[in-house]
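Presented below is the structure to which this report refers.
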Amino acid sequence: MPHEIPESHPRRISLLTRDKLIAGFNNKLIATAGLIAHGRGEAFDYLIGEVTTKPAKRSIDAAAALLLSTENAVISVNGNVAALTPEDVVVLARLTAAALEINLFYRSLPRELAIQKVLKAAGAGQVMGVGKAAGALIPHLESERGKVDPRGIKKADVVLVALEDGDRTEHLINMGKKVIAIDLNPFSRTAQYAQISIVDNVVRVMPALIERVRSYLAKKFTQQDLEKIVKAYNNKTILGNSISLINRRLTELAQKGVFL
Ligand code: ATP
């Protein structure tokens with residue numbers, strides 16, 4: 001049972017997010033390593049100020065355009081994503097006509113089924129990558145880490161991943177996929193490899209992506225409009241801007257010394 005967190009608590013959102021992860025761990029959605037991965041993310045969230053930064057907004061604009069302009073897009077769902085933001089993932093998939101695929105670093109059928117259940121309860125239609133359905137392999141990765149669904153990630157043009165391992169990201173890129181990564185750490189191998197790296201917390205990114213997709217749809221952007229947005233995007237510049245932002249914040253805080 002999660003403990004009461006007072007409305008006035010300065011770290012309320014962060015603590016509520018932790019509670020969701022702990023519940024996800026207890027419900028067998030998340031592996032122990034998923035909790036550790038979240039901790040690493042929290043540290044970087046502190047550094048960016050726990051807000052969606054300007055560079056992250058630019059990445060979200062480009063990611064929304066890429067998802068809408070791609071025929072074969074897949075949203076890859078792991079335990080942390082399922083525990084933190086299942087409803088938004090389902091809405092995003094529906095709006096962009098992307099497939100949902102369960103894709104785990106530590107695969108186990110009970111975990112796949114638990115995640116599938118959460119996604120279905122959130123309104124998902126088809127959920128790929130469960131059990132024997134994950135019958136294809138990402139080349140050069142040993143079997144468990146490399147398992148993907150032949151109807152999903154295996155044939156996708158674009159894969160959206162969150163909290164992904166850098167090695168697997170590299171292999172997806174080697175397969176010719178375009179990877180959109182949600183990763184709070186701009187230094188991670190995943191963020192460095194992906195074509196679009198959204199350096200922000202997945203709990204803020206999902207609603208922001210949905211809003212951006214809806215705005216493109218409302219404005220009736222054409223395929224050409226969307227492709228233009230993607231083409232104008234430069235991940236190297238955006239990652240550089242994200243790192244500069246952290247650098248600036250730290251310099252300012254260092255000058256102040258005490259800032260509470
Ligand atoms: P890589 O292998 O890509 O170099 P890593 O070893 O840190 O990175 P993992 O531990 O597999 O990779 O993945 C966790 C990544 O997800 C970390 O970079 C962490 O900063 C990020 N992360 C953790 N929680 C969140 C979150 N809530 N939103 C976005 N990113 C997160």
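Chain labels run A, B, ... following the order of the structure tokens; each chain numbers its residues from 1, and ligands are numbered from 1 in the order shown.
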
Open item on the list: Give me the residues near stretch 167-182 of chain A as a list of chain:residue names, where near means some atom within 6 Å (using only C-alpha atoms) and where sequence neighbours in that chain fewer than 4 positions away do not count.
Closed with: A:Asp157, A:Val158, A:Val159, A:Leu160, A:Val161, A:Ala162, A:Thr190, A:Ala194, A:Gln195, A:Ile196, A:Ser197, A:Ile198

Could those selected residues go to a file with all heavy atoms, as a PDB file, in the first residue's frame?
```pdb
ATOM      1  N   ASP A 157      10.058   0.480 -39.480  1.00  0.00           N
ATOM      2  CA  ASP A 157      11.003   1.496 -39.971  1.00  0.00           C
ATOM      3  C   ASP A 157      11.468   2.371 -38.819  1.00  0.00           C
ATOM      4  O   ASP A 157      12.600   2.838 -38.784  1.00  0.00           O
ATOM      5  CB  ASP A 157      10.321   2.402 -41.013  1.00  0.00           C
ATOM      6  CG  ASP A 157       9.745   1.596 -42.151  1.00  0.00           C
ATOM      7  OD1 ASP A 157      10.483   0.742 -42.661  1.00  0.00           O
ATOM      8  OD2 ASP A 157       8.568   1.811 -42.495  1.00  0.00           O
ATOM      9  N   VAL A 158      10.526   2.607 -37.896  1.00  0.00           N
ATOM     10  CA  VAL A 158      10.817   3.495 -36.766  1.00  0.00           C
ATOM     11  C   VAL A 158      10.441   2.779 -35.470  1.00  0.00           C
ATOM     12  O   VAL A 158       9.371   2.173 -35.389  1.00  0.00           O
ATOM     13  CB  VAL A 158       9.994   4.803 -36.887  1.00  0.00           C
ATOM     14  CG1 VAL A 158      10.069   5.626 -35.608  1.00  0.00           C
ATOM     15  CG2 VAL A 158      10.462   5.620 -38.081  1.00  0.00           C
ATOM     16  N   VAL A 159      11.332   2.838 -34.492  1.00  0.00           N
ATOM     17  CA  VAL A 159      11.038   2.240 -33.184  1.00  0.00           C
ATOM     18  C   VAL A 159      11.218   3.307 -32.107  1.00  0.00           C
ATOM     19  O   VAL A 159      12.266   3.965 -32.039  1.00  0.00           O
ATOM     20  CB  VAL A 159      11.972   1.039 -32.874  1.00  0.00           C
ATOM     21  CG1 VAL A 159      11.537   0.346 -31.582  1.00  0.00           C
ATOM     22  CG2 VAL A 159      11.982   0.036 -34.023  1.00  0.00           C
ATOM     23  N   LEU A 160      10.182   3.493 -31.312  1.00  0.00           N
ATOM     24  CA  LEU A 160      10.282   4.398 -30.163  1.00  0.00           C
ATOM     25  C   LEU A 160      10.633   3.568 -28.938  1.00  0.00           C
ATOM     26  O   LEU A 160       9.896   2.628 -28.584  1.00  0.00           O
ATOM     27  CB  LEU A 160       8.944   5.118 -29.944  1.00  0.00           C
ATOM     28  CG  LEU A 160       8.796   5.906 -28.636  1.00  0.00           C
ATOM     29  CD1 LEU A 160       9.671   7.149 -28.622  1.00  0.00           C
ATOM     30  CD2 LEU A 160       7.356   6.321 -28.406  1.00  0.00           C
ATOM     31  N   VAL A 161      11.754   3.885 -28.310  1.00  0.00           N
ATOM     32  CA  VAL A 161      12.168   3.145 -27.112  1.00  0.00           C
ATOM     33  C   VAL A 161      12.309   4.115 -25.943  1.00  0.00           C
ATOM     34  O   VAL A 161      12.578   5.298 -26.139  1.00  0.00           O
ATOM     35  CB  VAL A 161      13.522   2.397 -27.320  1.00  0.00           C
ATOM     36  CG1 VAL A 161      13.439   1.339 -28.397  1.00  0.00           C
ATOM     37  CG2 VAL A 161      14.657   3.373 -27.608  1.00  0.00           C
ATOM     38  N   ALA A 162      12.110   3.598 -24.737  1.00  0.00           N
ATOM     39  CA  ALA A 162      12.345   4.409 -23.539  1.00  0.00           C
ATOM     40  C   ALA A 162      13.157   3.571 -22.568  1.00  0.00           C
ATOM     41  O   ALA A 162      12.937   2.368 -22.463  1.00  0.00           O
ATOM     42  CB  ALA A 162      11.027   4.817 -22.906  1.00  0.00           C
ATOM     43  N   THR A 190      22.439   4.915 -25.634  1.00  0.00           N
ATOM     44  CA  THR A 190      21.169   4.998 -26.361  1.00  0.00           C
ATOM     45  C   THR A 190      20.940   6.406 -26.903  1.00  0.00           C
ATOM     46  O   THR A 190      20.628   6.593 -28.081  1.00  0.00           O
ATOM     47  CB  THR A 190      20.006   4.591 -25.428  1.00  0.00           C
ATOM     48  OG1 THR A 190      20.136   3.207 -25.140  1.00  0.00           O
ATOM     49  CG2 THR A 190      18.659   4.847 -26.069  1.00  0.00           C
ATOM     50  N   ALA A 194      20.731   7.118 -30.987  1.00  0.00           N
ATOM     51  CA  ALA A 194      19.400   7.310 -31.598  1.00  0.00           C
ATOM     52  C   ALA A 194      19.414   8.476 -32.588  1.00  0.00           C
ATOM     53  O   ALA A 194      20.228   9.393 -32.478  1.00  0.00           O
ATOM     54  CB  ALA A 194      18.378   7.562 -30.495  1.00  0.00           C
ATOM     55  N   GLN A 195      18.491   8.418 -33.542  1.00  0.00           N
ATOM     56  CA  GLN A 195      18.376   9.531 -34.491  1.00  0.00           C
ATOM     57  C   GLN A 195      17.639  10.705 -33.866  1.00  0.00           C
ATOM     58  O   GLN A 195      17.867  11.854 -34.201  1.00  0.00           O
ATOM     59  CB  GLN A 195      17.662   9.102 -35.774  1.00  0.00           C
ATOM     60  CG  GLN A 195      18.507   8.257 -36.708  1.00  0.00           C
ATOM     61  CD  GLN A 195      18.384   6.784 -36.421  1.00  0.00           C
ATOM     62  OE1 GLN A 195      17.833   6.378 -35.399  1.00  0.00           O
ATOM     63  NE2 GLN A 195      18.901   5.968 -37.331  1.00  0.00           N
ATOM     64  N   ILE A 196      16.699  10.391 -32.941  1.00  0.00           N
ATOM     65  CA  ILE A 196      16.016  11.459 -32.189  1.00  0.00           C
ATOM     66  C   ILE A 196      16.069  11.066 -30.710  1.00  0.00           C
ATOM     67  O   ILE A 196      15.482  10.047 -30.314  1.00  0.00           O
ATOM     68  CB  ILE A 196      14.550  11.631 -32.644  1.00  0.00           C
ATOM     69  CG1 ILE A 196      14.489  12.027 -34.126  1.00  0.00           C
ATOM     70  CG2 ILE A 196      13.842  12.676 -31.773  1.00  0.00           C
ATOM     71  CD1 ILE A 196      13.072  12.187 -34.681  1.00  0.00           C
ATOM     72  N   SER A 197      16.777  11.845 -29.910  1.00  0.00           N
ATOM     73  CA  SER A 197      16.883  11.543 -28.478  1.00  0.00           C
ATOM     74  C   SER A 197      16.118  12.596 -27.693  1.00  0.00           C
ATOM     75  O   SER A 197      16.447  13.778 -27.752  1.00  0.00           O
ATOM     76  CB  SER A 197      18.353  11.572 -28.031  1.00  0.00           C
ATOM     77  OG  SER A 197      19.105  10.709 -28.837  1.00  0.00           O
ATOM     78  N   ILE A 198      15.116  12.133 -26.981  1.00  0.00           N
ATOM     79  CA  ILE A 198      14.322  13.055 -26.156  1.00  0.00           C
ATOM     80  C   ILE A 198      14.876  12.959 -24.733  1.00  0.00           C
ATOM     81  O   ILE A 198      14.642  11.965 -24.037  1.00  0.00           O
ATOM     82  CB  ILE A 198      12.819  12.695 -26.187  1.00  0.00           C
ATOM     83  CG1 ILE A 198      12.319  12.585 -27.632  1.00  0.00           C
ATOM     84  CG2 ILE A 198      12.018  13.718 -25.395  1.00  0.00           C
ATOM     85  CD1 ILE A 198      10.876  12.044 -27.755  1.00  0.00           C
TER      86      ILE A 198
END
```

Open item on the list: Neighbours of ligand 1 at 10 Å or closer, counting only C-alpha atoms and all ligand atoms: which residues, as a count of residues only?
Closed with: 55

Please report, as JSON lines, each residue of stretch 16-113 of chain A lying at most 12 Å from stretch 134-137 of chain A, together with the nearest pair of atoms and the separation in Å rounded to one decimal; use only C-alpha atoms, and order rows by chain and ascending residue number.
```
{"residue": "A:Glu101", "atom": "CA", "partner": "A:Ala134", "partner_atom": "CA", "distance": 9.1}
{"residue": "A:Ile102", "atom": "CA", "partner": "A:Ala134", "partner_atom": "CA", "distance": 8.8}
{"residue": "A:Asn103", "atom": "CA", "partner": "A:Ala134", "partner_atom": "CA", "distance": 8.6}
{"residue": "A:Leu104", "atom": "CA", "partner": "A:Ala134", "partner_atom": "CA", "distance": 10.5}
{"residue": "A:Arg107", "atom": "CA", "partner": "A:Ala134", "partner_atom": "CA", "distance": 10.3}
{"residue": "A:Ser108", "atom": "CA", "partner": "A:Ala134", "partner_atom": "CA", "distance": 11.5}
{"residue": "A:Leu109", "atom": "CA", "partner": "A:Ala134", "partner_atom": "CA", "distance": 10.7}
{"residue": "A:Glu112", "atom": "CA", "partner": "A:Ala134", "partner_atom": "CA", "distance": 10.4}
```

Just-selected residues, N, CA and C atoms written as a short mmCIF file (atom, residue, chain, number, x, y, z; two decimals), in the first residue's frame:
```cif
data_model
loop_
_atom_site.label_atom_id
_atom_site.label_comp_id
_atom_site.auth_asym_id
_atom_site.auth_seq_id
_atom_site.Cartn_x
_atom_site.Cartn_y
_atom_site.Cartn_z
N GLU A 101 4.64 -3.06 -28.91
CA GLU A 101 5.34 -4.34 -28.73
C GLU A 101 6.05 -4.37 -27.38
N ILE A 102 5.86 -5.46 -26.67
CA ILE A 102 6.57 -5.66 -25.41
C ILE A 102 7.97 -6.13 -25.74
N ASN A 103 8.94 -5.38 -25.24
CA ASN A 103 10.33 -5.66 -25.61
C ASN A 103 11.18 -5.50 -24.35
N LEU A 104 11.64 -6.62 -23.82
CA LEU A 104 12.27 -6.60 -22.51
C LEU A 104 13.73 -7.03 -22.58
N ARG A 107 13.71 -10.94 -20.31
CA ARG A 107 12.42 -11.51 -20.71
C ARG A 107 11.97 -12.62 -19.78
N SER A 108 10.68 -12.61 -19.48
CA SER A 108 10.08 -13.80 -18.85
C SER A 108 8.60 -13.75 -19.20
N LEU A 109 8.02 -14.92 -19.43
CA LEU A 109 6.61 -14.94 -19.85
C LEU A 109 5.69 -14.29 -18.81
N GLU A 112 5.92 -10.62 -19.35
CA GLU A 112 5.27 -10.22 -20.61
C GLU A 112 3.76 -10.19 -20.44
#
```

- [ ] Would you mind telling me which residue in A:Glu144, A:Asp19, A:Glu50, A:Asp225 lies nearest to A:Ala83 when using only C-alpha atoms?
- [x] A:Asp19

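Atom CA of A:Val91 to atom CA of A:Lys54 spans 23.9 Å [interatomic distance, one decimal].
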
So which bits of stretch 25-246 of chain A end up alpha helix (DSSP H) when you DSSP the backbone, as an mmCIF file with C-alpha atoms, in the first residue's frame?
```cif
data_model
loop_
_atom_site.group_PDB
_atom_site.id
_atom_site.type_symbol
_atom_site.label_atom_id
_atom_site.label_comp_id
_atom_site.auth_asym_id
_atom_site.auth_seq_id
_atom_site.Cartn_x
_atom_site.Cartn_y
_atom_site.Cartn_z
ATOM 1 C CA PHE A 25 7.806 -4.176 -9.174
ATOM 2 C CA ASN A 26 5.398 -5.859 -6.729
ATOM 3 C CA THR A 32 14.973 -5.346 -10.078
ATOM 4 C CA ALA A 33 17.300 -3.694 -12.587
ATOM 5 C CA GLY A 34 14.363 -1.531 -13.725
ATOM 6 C CA LEU A 35 14.314 0.123 -10.307
ATOM 7 C CA ILE A 36 18.028 0.825 -10.538
ATOM 8 C CA ALA A 37 17.636 2.238 -14.044
ATOM 9 C CA HIS A 38 14.974 4.600 -12.727
ATOM 10 C CA GLY A 39 17.371 5.813 -10.048
ATOM 11 C CA ARG A 40 19.907 6.739 -12.692
ATOM 12 C CA GLY A 41 17.181 8.613 -14.538
ATOM 13 C CA GLU A 42 16.155 10.530 -11.401
ATOM 14 C CA ALA A 43 19.691 11.827 -10.993
ATOM 15 C CA PHE A 44 19.670 13.250 -14.515
ATOM 16 C CA ASP A 45 16.171 14.636 -13.994
ATOM 17 C CA TYR A 46 17.568 16.627 -11.067
ATOM 18 C CA LEU A 47 20.277 18.008 -13.326
ATOM 19 C CA ILE A 48 17.852 19.217 -16.011
ATOM 20 C CA LYS A 54 13.691 23.559 -24.809
ATOM 21 C CA PRO A 55 15.932 20.997 -26.528
ATOM 22 C CA ALA A 56 13.595 18.212 -25.376
ATOM 23 C CA LYS A 57 10.653 20.119 -26.862
ATOM 24 C CA ARG A 58 12.442 20.242 -30.227
ATOM 25 C CA SER A 59 13.034 16.478 -30.046
ATOM 26 C CA ILE A 60 9.380 15.914 -29.211
ATOM 27 C CA ASP A 61 8.335 18.010 -32.248
ATOM 28 C CA ALA A 62 10.545 15.893 -34.517
ATOM 29 C CA ALA A 63 9.521 12.595 -32.905
ATOM 30 C CA ALA A 64 5.825 13.396 -33.346
ATOM 31 C CA ALA A 65 6.433 14.227 -37.004
ATOM 32 C CA LEU A 66 8.429 11.044 -37.587
ATOM 33 C CA LEU A 67 5.823 8.828 -35.916
ATOM 34 C CA LEU A 68 3.015 10.374 -37.961
ATOM 35 C CA SER A 69 4.889 10.208 -41.255
ATOM 36 C CA GLY A 79 8.149 -2.776 -17.497
ATOM 37 C CA ASN A 80 8.998 0.766 -16.419
ATOM 38 C CA VAL A 81 6.962 2.292 -19.236
ATOM 39 C CA ALA A 82 4.021 0.002 -18.480
ATOM 40 C CA ALA A 83 4.137 0.902 -14.795
ATOM 41 C CA LEU A 84 4.547 4.638 -15.308
ATOM 42 C CA PRO A 86 0.323 2.855 -19.782
ATOM 43 C CA GLU A 87 -2.683 4.992 -20.798
ATOM 44 C CA ASP A 88 -0.588 7.572 -22.646
ATOM 45 C CA VAL A 89 1.354 4.875 -24.500
ATOM 46 C CA VAL A 90 -1.900 3.395 -25.750
ATOM 47 C CA VAL A 91 -3.260 6.789 -26.828
ATOM 48 C CA LEU A 92 -0.017 7.634 -28.631
ATOM 49 C CA ALA A 93 -0.073 4.325 -30.492
ATOM 50 C CA ARG A 94 -3.675 4.884 -31.556
ATOM 51 C CA LEU A 95 -3.095 8.461 -32.745
ATOM 52 C CA THR A 96 -0.010 7.564 -34.770
ATOM 53 C CA LEU A 109 6.614 -14.941 -19.847
ATOM 54 C CA PRO A 110 4.993 -13.901 -16.533
ATOM 55 C CA ARG A 111 6.399 -10.381 -16.981
ATOM 56 C CA GLU A 112 5.272 -10.220 -20.614
ATOM 57 C CA LEU A 113 1.770 -11.303 -19.590
ATOM 58 C CA ALA A 114 1.667 -8.820 -16.696
ATOM 59 C CA ILE A 115 2.634 -5.968 -19.029
ATOM 60 C CA GLN A 116 0.149 -7.125 -21.655
ATOM 61 C CA LYS A 117 -2.592 -7.102 -19.015
ATOM 62 C CA VAL A 118 -1.766 -3.549 -17.975
ATOM 63 C CA LEU A 119 -1.750 -2.359 -21.601
ATOM 64 C CA LYS A 120 -5.055 -4.090 -22.348
ATOM 65 C CA ALA A 121 -6.591 -2.550 -19.224
ATOM 66 C CA SER A 143 18.617 -14.950 -27.891
ATOM 67 C CA GLU A 144 16.877 -13.489 -24.832
ATOM 68 C CA ARG A 145 17.980 -9.878 -25.383
ATOM 69 C CA GLY A 146 17.482 -10.134 -29.112
ATOM 70 C CA GLY A 166 22.617 1.139 -25.511
ATOM 71 C CA ASP A 167 23.782 -2.133 -26.998
ATOM 72 C CA ARG A 168 20.310 -3.035 -28.232
ATOM 73 C CA THR A 169 19.824 0.481 -29.597
ATOM 74 C CA GLU A 170 23.046 0.142 -31.568
ATOM 75 C CA HIS A 171 21.828 -3.152 -33.026
ATOM 76 C CA LEU A 172 18.449 -1.678 -33.983
ATOM 77 C CA ILE A 173 20.270 1.105 -35.826
ATOM 78 C CA ASN A 174 22.467 -1.493 -37.537
ATOM 79 C CA ARG A 189 24.843 5.135 -25.448
ATOM 80 C CA THR A 190 21.169 4.998 -26.361
ATOM 81 C CA ALA A 191 20.865 8.793 -26.458
ATOM 82 C CA GLN A 192 24.085 9.007 -28.452
ATOM 83 C CA TYR A 193 23.056 6.393 -31.037
ATOM 84 C CA VAL A 202 9.040 9.452 -19.926
ATOM 85 C CA VAL A 203 6.175 10.595 -17.673
ATOM 86 C CA ARG A 204 6.436 14.129 -19.125
ATOM 87 C CA VAL A 205 7.318 13.046 -22.658
ATOM 88 C CA MET A 206 4.281 10.883 -23.347
ATOM 89 C CA PRO A 207 1.647 13.601 -22.734
ATOM 90 C CA ALA A 208 3.789 16.142 -24.594
ATOM 91 C CA LEU A 209 4.124 13.795 -27.588
ATOM 92 C CA ILE A 210 0.367 13.233 -27.617
ATOM 93 C CA GLU A 211 -0.264 16.964 -27.533
ATOM 94 C CA ARG A 212 2.169 17.571 -30.396
ATOM 95 C CA VAL A 213 0.703 14.756 -32.511
ATOM 96 C CA ARG A 214 -2.790 16.139 -31.915
ATOM 97 C CA SER A 215 -1.699 19.607 -32.951
ATOM 98 C CA TYR A 216 -0.176 18.306 -36.221
ATOM 99 C CA LEU A 217 -3.380 16.374 -36.908
ATOM 100 C CA ALA A 218 -5.550 19.408 -36.123
ATOM 101 C CA GLN A 223 3.372 14.099 -45.339
ATOM 102 C CA GLN A 224 5.630 16.739 -46.852
ATOM 103 C CA ASP A 225 5.158 19.095 -43.871
ATOM 104 C CA LEU A 226 6.026 16.273 -41.475
ATOM 105 C CA GLU A 227 9.060 15.155 -43.437
ATOM 106 C CA LYS A 228 10.308 18.739 -43.508
ATOM 107 C CA ILE A 229 10.193 18.890 -39.691
ATOM 108 C CA VAL A 230 12.137 15.632 -39.427
ATOM 109 C CA LYS A 231 14.699 16.753 -41.978
ATOM 110 C CA ALA A 232 15.344 20.047 -40.198
ATOM 111 C CA ASN A 235 20.173 15.254 -32.980
ATOM 112 C CA LYS A 236 23.810 16.153 -32.462
ATOM 113 C CA THR A 237 22.914 19.804 -31.976
ATOM 114 C CA ILE A 238 20.030 18.958 -29.649
ATOM 115 C CA LEU A 239 22.177 16.655 -27.508
ATOM 116 C CA GLY A 240 24.822 19.371 -27.367
ATOM 117 C CA ASN A 241 22.157 21.863 -26.276
ATOM 118 C CA SER A 242 20.922 19.467 -23.577
ATOM 119 C CA ILE A 243 24.433 19.045 -22.203
ATOM 120 C CA SER A 244 25.060 22.825 -22.350
ATOM 121 C CA LEU A 245 21.853 23.388 -20.443
ATOM 122 C CA ILE A 246 23.013 21.093 -17.638
#
```

Open item on the list: Just the number, please: distance in Å from atom CA of A:Gly125 to atom CA of A:Leu100, one decimal.
Closed with: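 Straight-line distance from atom CA of A:Gly125 to atom CA of A:Leu100 works out to 8.7 Å.
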
TODO: Write down as a list in words the residues of stretch 17-252 of chain A whose backbone DSSP state falls under strand (DSSP E).
DONE: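 Strand (DSSP E) assignments inside stretch 17-252 of chain A correspond to Ala73, Val74, Ile75, Ser76, Val77, Ala99, Leu100, Glu101, Ile102, Val127, Met128, Ala136, Leu137, Lys147, Val148, Val158, Val159, Leu160, Val161, Ala162, Lys178, Val179, Ile180, Ala181, Ile182, Ile196, Ser197 and Ile198 of chain A.
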
Open item on the list: Between atom CA of A:Val258 and atom CA of A:Thr53, what distance in Å does the model show, to one decimal?
Closed with: 23.2 Å

Task: Among listed residues A:Leu250, A:Met128, A:Leu260, A:Ala99, nearest A:Gly49 (using only C-alpha atoms) - done: A:Leu250
